[in-house]
Amino acid sequence: SSDNEVTGREPQKAAGHGTRAKGFDTFCPVGRRVAPPAERGGLDALEVRCRVGGVERQRGRATDMTFSIPRLLAYISRIMTLVPGDLVLTGTPAGVGPLAPGDVGEVEIPGVGVLRNPVVGG
């Protein structure tokens with residue numbers, strides 16, 4: 001699945017970490033579960049593109065990650081049980097920026113799909 005995870009910067013600054021800043025309702029909309037297209041190189045070929053209002057803000061490939069996806073999953077599964085459907089949020093490419101009510105955020109994995117979410121005031 002792809003997600004459009006959001007961080008509230010004010011609570012993050014106040015607390016010094018992201019726990020509260022990432023835990024608000026609606027801060028992690030998730031799309032349908034999909035399998036990566038094996039015919040396109042599997043996990044190493046995955047790329048994520050993030051846009052706000054149609055303008056690209058972020059782009060990154062799985063090969064840009066500090067640790068590979070299989071290595072991350074192996075490490076996590078030594079600590080806790082992972083089951084199909086679990087989400088593992090690994091961070092984000094450079095280019096984060098503010099969102100405002102009325103914006104539309106998009107997260108795309110080419111060959112997999114696009115997740116679009118409107119930003120509403122709270």
# chains A, B, ... in the order shown; residues from 1 in each chain; ligands from 1
$ select_by_dssp --residues "stretch 73-112 of chain A" --states "helix (DSSP H, G or I)" --output "list in words"
Leu73, Ala74, Tyr75, Ile76, Ser77, Arg78 and Ile79 of chain A
$ residues_around --residues "stretch 67-70 of chain A" --least-positions-apart "2" --cutoff "12 Å" --atoms "only C-alpha atoms" --output "MDAnalysis selection string"
chainID A and resid 42:46 61:65 72:77 88:91
$ closest_residue --among "A:Val119, A:Val114, A:Ile109, A:Val30" --to "A:Glu47" --atoms "only C-alpha atoms"
A:Ile109
$ residues_around --residues "A:Ala94" --least-positions-apart "3" --cutoff "10 Å" --atoms "only C-alpha atoms" --output "list in words"
Arg57, Gln58, Arg59, Gly60, Gly91 and Gly97 of chain A
$ write_last_selection --atoms "C-alpha atoms" --output "PDB file, in the first residue's frame"
ATOM      1  CA  ARG A  57       8.035  18.073  -3.850  1.00  0.00           C
ATOM      2  CA  GLN A  58       9.678  14.713  -3.306  1.00  0.00           C
ATOM      3  CA  ARG A  59      11.093  11.837  -5.320  1.00  0.00           C
ATOM      4  CA  GLY A  60      13.071   8.885  -4.061  1.00  0.00           C
ATOM      5  CA  GLY A  91      10.773   8.082   6.458  1.00  0.00           C
ATOM      6  CA  GLY A  97       7.026  21.248   3.237  1.00  0.00           C
TER       7      GLY A  97
END
$ select_by_dssp --residues "stretch 31-81 of chain A" --states "strand (DSSP E or B)" --output "PyMOL selection string"
chain A and resi 47-52+55-61
$ atom_distance --atom1 "atom CA of A:Leu115" --atom2 "atom CA of A:Leu82"
23.7 Å
$ residues_around --residues "stretch 52-54 of chain A" --least-positions-apart "6" --cutoff "8 Å" --atoms "only C-alpha atoms" --output "list in words"
Leu99, Asp103, Val104, Gly105 and Glu106 of chain A
$ write_last_selection --atoms "C-alpha atoms" --output "mmCIF file, in the first residue's frame"
data_model
loop_
_atom_site.group_PDB
_atom_site.id
_atom_site.type_symbol
_atom_site.label_atom_id
_atom_site.label_comp_id
_atom_site.auth_asym_id
_atom_site.auth_seq_id
_atom_site.Cartn_x
_atom_site.Cartn_y
_atom_site.Cartn_z
ATOM 1 C CA LEU A 99 0.374 21.862 3.778
ATOM 2 C CA ASP A 103 -4.138 21.562 -0.940
ATOM 3 C CA VAL A 104 -4.304 18.140 -2.529
ATOM 4 C CA GLY A 105 -1.484 15.767 -1.648
ATOM 5 C CA GLU A 106 -0.550 12.933 -3.975
#
